[in-house]
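Step one of this worksheet: look at the structure below.
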Amino acid sequence: MNCRTCGFCLWNTQSRICPECGTPFRPSEFEFRPAAVHYGCPHCGTGYLGMSPKGHLEPSEFTCSVCKERCAMDEMVLSPAPGSTSPELVSNTWIGRRTQFGPFFSTLRDILVRPREFAMTVPLRAPTRDALAFFGLGAGLMFVAVVGSQLCWVTVVSAILSSAGQGVPRVGMMGMGGFGIAGLSLVLGLLLTLVVLFGESTIIHLFLRSPARNVPLSHTRQLYLYFMGTWGAVSCLSVIPCLGSLVSTAWFFFAFYVTAALMRGAYQSSMGRAVLAVIVARVVSIILVTLLTLVAIVGMPRAFGLPVGIFSRIFQVSGPTGIAAALLDHRQANGTWPATPLDLVVNDPTIGFDLLSMVSGEGSGGSIGAVDFNVVWSGNTAVINAERAALAARIPPGQAFRLGNVTFYYPLTSGGANEWLFVTQSSATGVSLVYTGQGRIVFTGGSWAAALAAENARRAATGLPPLPDPASLPDLNPSSSNPNAGPVAPQESGEEEEPAGDQLDAETDPDAGKP
């Protein structure tokens, strides 16, 4: 039984004031295990055991059986009952610990099972280093679990490729990109931690503080460190296949209860008020994190050697829409369009997988010259750069060109959000998919020719050159069986045509899945 303000041990204290800091206390403010606490009569010292579920005396006032004096529980002298090593219902085994992992997991259990009672065991003037150490251990466990799961995934994929004769990937473009993304994720995680720690704790403190319960802001931040350490430890379960997503969803909502219960124990407020304070603080922090994420998307990738706009593509749907975003990002960052689509693949293997799949029209695989799935996966920049140079020599400067199933119009566009960047066509389905900075436009059957004519009429009115029909362009991909043949024009379809130029769809091309 420790003082809630300074942590001083209050066992065998006759006064109702902490001898260390002068804070008044009452035994009824603490909860104990049944029959674990000895209540001594203040007049004769006769002992009684607290047998209620909270370890209190029932009734709380009675006549001593020995001295016949009136006794009140809050006036009696408390001490642990003989043989009781942990009389409190929830004890803080983390403060004053001698080891790390044993007290960590017992404290983790107390925070999850009895968060309000645990908050009451943290002294108001406890040193921050204990809460910071708990948070650091929880965050470290989460980092090890996430990195370990990723290494396992890479090991499994490498084994599959090796058994298929594709070779084991090298730490090249994939490795550097992975380290860059990991570094950027750590920085974003630190920013998120600071926002939650300082932002949410401050809002809750202002919401719940009262003259009757003088809780310092530093105490609220310590409880948040305990909560975030718990979050990190529980998040380790998210790496479990199948079960991880269910645990993450359940924990997201349960975390509101844990945070509110911790604040309730600290401020002695009602649960409803504590829940409201947590919700308000969480909404504000989400807004701040969103703003910080936007800043990170625009400015931070260069610090880690990542392609400009990579996170805008991560947050978008992958596949052709990601390639469209990458084209626009390249123009915005460099002032010009990339000489070849392979320029986007350097340091960004995700784009390489999507590009090869889109060009081949297959769910996975495909190639552009010598650049195939294994080259991109292994980060063989020598092969990629050689193929980039060869492809640049074949592409007419400032003209549209075709690679396999894709006709790239971007050299003829001004970079507007609604400009046609490229089109994919399938002779099997008769569907043409036009991709812009806003998404994709679907044309079926005979609507393609009318749509192309309408787009060229619009371009002519604005002084832009016309877009050629893909069927009139040779295939510049040397991997194609007939590099001089144009694509098969989409067949007329009896199905209902979709409105040309009006239907935007954020979904990815079904023929462009990631490997």
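Ligands are numbered from 1 in the order shown, chains are lettered A, B, ... in the order of the structure tokens, and residues start at 1 in each chain.
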
Practice problem: For Thr93 of chain A, list every protein, DNA or RNA residue within 7 Å, evaluated using only C-alpha atoms, and leave out those in the same chain fewer than 3 positions away; present the list as number ranges by chain. | Solution: A: 97, 103, 107

Exercise. Would you kindly return, as a list in words, each protein, DNA or RNA residue with an atom no farther than 6 Å from any atom of segment 54-56 of chain A, considering only C-alpha atoms and excluding same-chain residues fewer than 2 positions away?
Key: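 So the residues in contact are Glu31, Phe32, Arg33, Pro34, Gly50, Met51 and Ser52 of chain A.
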
Non-local contacts of Thr336 of chain A (12 Å; only C-alpha atoms; under 6 positions in same chain excluded) as an mmCIF file with N, CA, C and O atoms, in the first residue's frame:
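What follows is the written file result_30.cif:
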```cif
data_model
loop_
_atom_site.group_PDB
_atom_site.id
_atom_site.type_symbol
_atom_site.label_atom_id
_atom_site.label_comp_id
_atom_site.auth_asym_id
_atom_site.auth_seq_id
_atom_site.Cartn_x
_atom_site.Cartn_y
_atom_site.Cartn_z
ATOM 1 N N LEU A 327 4.002 8.333 -62.821
ATOM 2 C CA LEU A 327 4.315 9.200 -63.965
ATOM 3 C C LEU A 327 4.141 10.671 -63.596
ATOM 4 O O LEU A 327 5.002 11.513 -63.887
ATOM 5 N N LEU A 328 3.029 10.980 -62.948
ATOM 6 C CA LEU A 328 2.767 12.372 -62.567
ATOM 7 C C LEU A 328 3.762 12.847 -61.514
ATOM 8 O O LEU A 328 4.198 14.008 -61.541
ATOM 9 N N ASP A 329 4.121 11.963 -60.582
ATOM 10 C CA ASP A 329 5.103 12.328 -59.563
ATOM 11 C C ASP A 329 6.462 12.637 -60.198
ATOM 12 O O ASP A 329 7.163 13.563 -59.789
ATOM 13 N N HIS A 330 6.843 11.830 -61.189
ATOM 14 C CA HIS A 330 8.117 12.044 -61.872
ATOM 15 C C HIS A 330 8.131 13.401 -62.579
ATOM 16 O O HIS A 330 9.117 14.145 -62.502
ATOM 17 N N GLY A 398 9.204 12.543 -77.909
ATOM 18 C CA GLY A 398 7.969 13.318 -77.817
ATOM 19 C C GLY A 398 6.779 12.692 -78.510
ATOM 20 O O GLY A 398 5.811 13.381 -78.837
ATOM 21 N N TYR A 410 1.566 9.515 -72.474
ATOM 22 C CA TYR A 410 2.013 10.602 -71.598
ATOM 23 C C TYR A 410 2.986 11.579 -72.260
ATOM 24 O O TYR A 410 2.996 12.766 -71.903
ATOM 25 N N PRO A 411 3.848 11.186 -73.271
ATOM 26 C CA PRO A 411 4.734 12.204 -73.865
ATOM 27 C C PRO A 411 3.969 13.319 -74.579
ATOM 28 O O PRO A 411 4.535 14.389 -74.828
ATOM 29 N N LEU A 412 2.685 13.076 -74.923
ATOM 30 C CA LEU A 412 1.897 14.074 -75.640
ATOM 31 C C LEU A 412 0.989 14.883 -74.727
ATOM 32 O O LEU A 412 0.254 15.745 -75.230
ATOM 33 N N THR A 413 1.011 14.617 -73.427
ATOM 34 C CA THR A 413 0.088 15.292 -72.520
ATOM 35 C C THR A 413 0.807 16.386 -71.741
ATOM 36 O O THR A 413 2.036 16.427 -71.668
ATOM 37 N N SER A 414 0.021 17.270 -71.162
ATOM 38 C CA SER A 414 0.563 18.409 -70.410
ATOM 39 C C SER A 414 0.669 18.131 -68.920
ATOM 40 O O SER A 414 1.116 18.994 -68.174
ATOM 41 N N GLY A 415 0.232 16.950 -68.464
ATOM 42 C CA GLY A 415 0.315 16.615 -67.050
ATOM 43 C C GLY A 415 -0.922 16.945 -66.259
ATOM 44 O O GLY A 415 -0.909 16.862 -65.026
#
```

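Of the residues under consideration (A:Thr220, A:Cys67, A:Glu117, A:Arg282), A:Arg282 shows the shortest atom-to-atom contact distance to Glu200 of chain A when counting only C-alpha atoms.
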
Quiz prompt | Residues within 9 Å of Ala417 of chain A, only C-alpha atoms, excluding chain neighbours under 6 positions, as JSON, numbers by chain | solution = {"A": [328, 436, 437, 438]}

Only C-alpha atoms, please: the residues just picked out, written as a compact mmCIF listing (two decimals), in the first residue's frame.
```txt
# COMPACT_ATOMS: atom_id res chain seq x y z
CA LEU A 328 2.77 12.37 -62.57
CA THR A 436 -5.45 9.32 -65.89
CA GLY A 437 -4.29 11.00 -62.70
CA GLN A 438 -7.85 10.65 -61.39
```

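Proximity ranking of A:Pro87, A:Pro468, A:Gly140, A:Gly102 relative to Ala453 of chain A places A:Pro468 first, based on only C-alpha atoms.
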
Practice problem: Please provide as a list in words all residues within 8 Å of Gln268 of chain A, with the sequence filter that same-chain residues fewer than 4 positions apart are discarded (counting only C-alpha atoms). | Solution: Arg213, Met263 and Arg264 of chain A

Take the selection from the previous step and output its residues with all heavy atoms, as a PDB file, in the first residue's frame.
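Saved file result_8.pdb follows:
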```
ATOM      1  N   ARG A 213      -8.931  16.754  -7.305  1.00  0.00           N
ATOM      2  CA  ARG A 213      -7.958  15.706  -7.654  1.00  0.00           C
ATOM      3  C   ARG A 213      -6.837  16.362  -8.434  1.00  0.00           C
ATOM      4  O   ARG A 213      -6.899  16.513  -9.651  1.00  0.00           O
ATOM      5  CB  ARG A 213      -8.651  14.622  -8.485  1.00  0.00           C
ATOM      6  CG  ARG A 213      -7.755  13.456  -8.867  1.00  0.00           C
ATOM      7  CD  ARG A 213      -7.362  12.625  -7.671  1.00  0.00           C
ATOM      8  NE  ARG A 213      -6.622  11.442  -8.089  1.00  0.00           N
ATOM      9  CZ  ARG A 213      -5.960  10.655  -7.258  1.00  0.00           C
ATOM     10  NH1 ARG A 213      -5.944  10.929  -5.967  1.00  0.00           N
ATOM     11  NH2 ARG A 213      -5.324   9.598  -7.701  1.00  0.00           N
ATOM     12  N   MET A 263      -7.419   6.562 -17.276  1.00  0.00           N
ATOM     13  CA  MET A 263      -7.683   7.953 -16.919  1.00  0.00           C
ATOM     14  C   MET A 263      -8.693   8.050 -15.778  1.00  0.00           C
ATOM     15  O   MET A 263      -8.589   8.924 -14.915  1.00  0.00           O
ATOM     16  CB  MET A 263      -8.196   8.702 -18.138  1.00  0.00           C
ATOM     17  CG  MET A 263      -7.210   8.775 -19.292  1.00  0.00           C
ATOM     18  SD  MET A 263      -5.621   9.510 -18.839  1.00  0.00           S
ATOM     19  CE  MET A 263      -4.528   8.091 -18.988  1.00  0.00           C
ATOM     20  N   ARG A 264      -9.645   7.148 -15.756  1.00  0.00           N
ATOM     21  CA  ARG A 264     -10.623   7.141 -14.662  1.00  0.00           C
ATOM     22  C   ARG A 264      -9.938   6.870 -13.327  1.00  0.00           C
ATOM     23  O   ARG A 264     -10.241   7.498 -12.305  1.00  0.00           O
ATOM     24  CB  ARG A 264     -11.686   6.079 -14.928  1.00  0.00           C
ATOM     25  CG  ARG A 264     -12.756   5.994 -13.839  1.00  0.00           C
ATOM     26  CD  ARG A 264     -13.616   4.767 -14.020  1.00  0.00           C
ATOM     27  NE  ARG A 264     -14.601   4.630 -12.956  1.00  0.00           N
ATOM     28  CZ  ARG A 264     -15.283   3.529 -12.703  1.00  0.00           C
ATOM     29  NH1 ARG A 264     -15.081   2.443 -13.447  1.00  0.00           N
ATOM     30  NH2 ARG A 264     -16.154   3.480 -11.718  1.00  0.00           N
TER      31      ARG A 264
END
```

Quiz item: Near Asp372 of chain A, counting only C-alpha atoms, which residues have an atom at most 9 Å away, once you skip same-chain residues fewer than 6 positions from it, shown as a VMD selection string?
Solution: chain A and resid 352 to 353 356 365 to 366

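Using only C-alpha atoms, the nearest neighbour of Trp420 of chain A within the list A:Ser447, A:Thr259, A:Asn380, A:Asn456 is A:Asn456.
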
Self-check item: A:Val376, A:Ala471, A:Leu225, A:Leu342 ranked by distance to Thr128 of chain A, top pick (using only C-alpha atoms)
Solution: A:Leu225

Quiz prompt | Counting only C-alpha atoms, the residue of A:Val146, A:Leu421, A:Val431, A:Ala325 that sits nearest Gly244 of chain A | solution =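 The answer is A:Val146, which sits nearest to Gly244 of chain A.
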